[in-house]
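See below for the structure under consideration.
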Amino acid sequence: MYTLISAFLCSLIASLLIIRYQSVHQHITGDLDLLGPQKFHISSVPRIGGISIYLALWMASSIRYLQDTNNGILLMTIVACGSLAFLIGFAEDLSKRVGVSNRLMGTAISGGLAGYFLNAWISHISLWGIDSLLAIPVISILFTCIAIAGLSNAYNIIDGFNGLASMVGIITLLAIASVAFRVGDIEILIAALMMVGAIGGFFIWNYPRGLIFLGDGGAYLIGFWIAVLSIMIVTRNEQVSPWFALLVNAYPIFETLFSIWRRKVHQGKNPGISDGAHFHTLIYRRIMRWALANSSVSDSFGNTLNKNANAKTSPYLWVLSSFAVLPAVLFWQYTFALQGFVLLFCATYVWIYRSIVKFQTPNWLK
């Protein structure tokens, strides 16, 4: 609990200071682009909340080092390995000029460092044929780097509304912590709770009012941390199915894969170019703006924009992610059950997405 509380307080105070003195740095740190297809705020907001989380992780892991040297070293190693992923995202937050390929490469290198120093390589996923390939070291290394980079970027993709990516991260980390507690892996439990505390301190200022944003650096750091812990809990505990790691992260993973398919195959566009057709964007445009038509203002496109719609969009996605997280926690040992729930989640996602696109949104969603 000391680790969680220290991370929470450090993140809380650091975020407050960023907000309090934003007039000094806003010309560099503010999200000044209000016209993009995924922009739903109506004033400039600091997008460097990730630094609060990053500093909190260093502070909490240092305190843990004083209590338990071995555990503290493990925590600081995870932070150090994720530093490149955070820093390259933070550079984008400040300059807005770091290309997507460079950011992907940076997160992949962080994944490789984590694999090497933490022995966090993906060596099997309980699928015949693929496990034989993953037994080859080179393929295992490449697959691990791609998986960690993919989840890091997935959290950046879902970071579209106040509290969305941060609360999905908290829900996922609590699920990992729960399973770690059951199998007696205290180190993973502490690592998960430390990040929960770090995100929590930021979350208070981010939700519901959106006084500060995660930015690319924060989103990459959260995705990296969750990816590494998801791999480690499987590699360190044979009783945990590899499909637990997949199901507990099903929402950001499937959102990313579905977006790539939608842009590349369905629309014939470059999958690296952002658009306004993500699941969370549809929830906002087709459900929240309709339900909250009153007390609205106009956004930079001239469209109706409710002051509360941004914050009220996120809980829809928290519930959606819980559809995958809850069965992952309940059936973490049982591969066939987890595989079935992965398929069920994907089918549910596509059904709801298709219904919203065709203006056939189920009444229970409204």
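Simple scheme: letters A, B, ... for chains in structure tokens order, numbers from 1 for residues in each chain, numbers from 1 for ligands in the order shown.
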Could you pull out the alpha helix (DSSP H) residues of segment 149-353 of chain A, going by DSSP on the backbone, and write them as a PyMOL selection string? chain A and resi 149-158+164-183+186-206+215-235+242-248+250-261+279-282+289-291+309-330+335-353
When you look at Ser178 of chain A with a cut-off of 8 Å (counting only C-alpha atoms), what residues show up, excluding the ones that are within fewer than 3 positions of it in the same chain? I need them as number ranges by chain. A: 174-175, 181-182, 189, 329
Residues as selected, N, CA and C atoms, written as a compact mmCIF listing (two decimals), in the first residue's frame, can you do that?
```txt
# COMPACT_ATOMS: atom_id res chain seq x y z
N LEU A 174 -5.89 -3.78 -12.23
CA LEU A 174 -6.52 -4.41 -11.07
C LEU A 174 -6.79 -5.89 -11.35
N ALA A 175 -7.15 -6.21 -12.61
CA ALA A 175 -7.36 -7.61 -12.98
C ALA A 175 -6.05 -8.39 -12.88
N PHE A 181 -2.25 -11.94 -7.12
CA PHE A 181 -2.51 -12.27 -5.72
C PHE A 181 -2.89 -13.74 -5.56
N ARG A 182 -3.70 -14.24 -6.48
CA ARG A 182 -4.14 -15.64 -6.39
C ARG A 182 -2.98 -16.62 -6.56
N LEU A 189 2.03 -8.15 -8.34
CA LEU A 189 0.96 -7.45 -7.63
C LEU A 189 1.36 -6.03 -7.30
N VAL A 329 -10.59 -12.53 -15.46
CA VAL A 329 -10.29 -12.73 -14.05
C VAL A 329 -10.91 -14.02 -13.53
```
Out of A:Ala328, A:Ile222, A:Ile51, A:Ile5, which residue has the shortest atom-to-atom distance to Ile190 of chain A when counting only C-alpha atoms?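 Among the listed residues, the smallest separation from Ile190 of chain A belongs to A:Ile5.
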Considering only C-alpha atoms, return as a PyMOL selection string whatever protein or nucleic-acid residues lie within 12 Å of Trp332 of chain A, sequence-local ones (same chain, fewer than 3 positions apart) excluded. chain A and resi 175-176+178-180+182-183+230+233-234+237-248+324-329+335-339+341
To one decimal place, how far is atom CA of Ala192 of chain A from atom CA of Ile125 of chain A in Å?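 Atom CA of Ile125 of chain A lies at a distance of 22.0 Å from atom CA of Ala192 of chain A.
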Would you mind telling me which residue in A:Ile352, A:Leu164, A:Cys346, A:Ile48 lies nearest to Ser95 of chain A when using only C-alpha atoms?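 When distances to Ser95 of chain A are compared using only C-alpha atoms, the smallest one comes from A:Ile48.
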Based on DSSP run over this structure's backbone, return all residues of segment 163-339 of chain A in strand (DSSP E), as a list in words.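 Everything in segment 163-339 of chain A that counts as strand (DSSP E) is Ser296, Val297, Ser298, Thr304, Leu305 and Asn306 of chain A.
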Write out, as a Markdown table, each residue of segment 6-31 of chain A that has an atom at most 10 Å from segment 79-94 of chain A, together with the closest pair of atoms and their distance in Å to one decimal, counting only C-alpha atoms, rows going by chain and rising number.
```
| residue | atom | partner | partner_atom | distance |
| --- | --- | --- | --- | --- |
| A:His27 | CA | A:Leu94 | CA | 9.4 |
| A:Ile28 | CA | A:Leu94 | CA | 5.8 |
| A:Thr29 | CA | A:Leu94 | CA | 5.5 |
| A:Gly30 | CA | A:Leu94 | CA | 8.3 |
| A:Asp31 | CA | A:Asp93 | CA | 8.2 |
```
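Relative to atom CA of Trp225 of chain A, atom CA of Ile63 of chain A is found at 18.7 Å.
Ranking A:Gly215, A:Gly340, A:Gly200, A:Gly184 by their shortest atom-to-atom distance to Lys96 of chain A, with only C-alpha atoms included, puts A:Gly215 first.
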Nearest-residue call for Val342 of chain A, choices A:Trp261, A:Tyr54, A:Tyr251, A:Trp318, using only C-alpha atoms: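 Answer, going by the shortest atom-to-atom distance: A:Tyr251.
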Just the residues within 6 Å of Ile170 of chain A, please, counting only C-alpha atoms, with nothing from its chain fewer than 3 positions along; format it as a list in words. Met167, Leu173 and Val196 of chain A
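With only C-alpha atoms as the atoms that count, the residue of A:Ala311, A:Leu17, A:Leu214, A:Leu193 with the shortest distance to Ala165 of chain A is A:Leu214.
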Atom-to-atom span, atom CA of Tyr21 of chain A and atom CA of Phe213 of chain A, Å: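 Straight-line distance from atom CA of Tyr21 of chain A to atom CA of Phe213 of chain A works out to 14.8 Å.
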Between A:Ile122, A:Ala309, A:Leu330, A:Trp364, which one has atoms that come closest to Val228 of chain A, using only C-alpha atoms? A:Ile122
Residues near Asn206 of chain A, anyone? I mean within 9 Å using only C-alpha atoms, not counting same-chain ones fewer than 6 positions away, as an MDAnalysis selection string. chainID A and resid 49 162:163 166 212:214
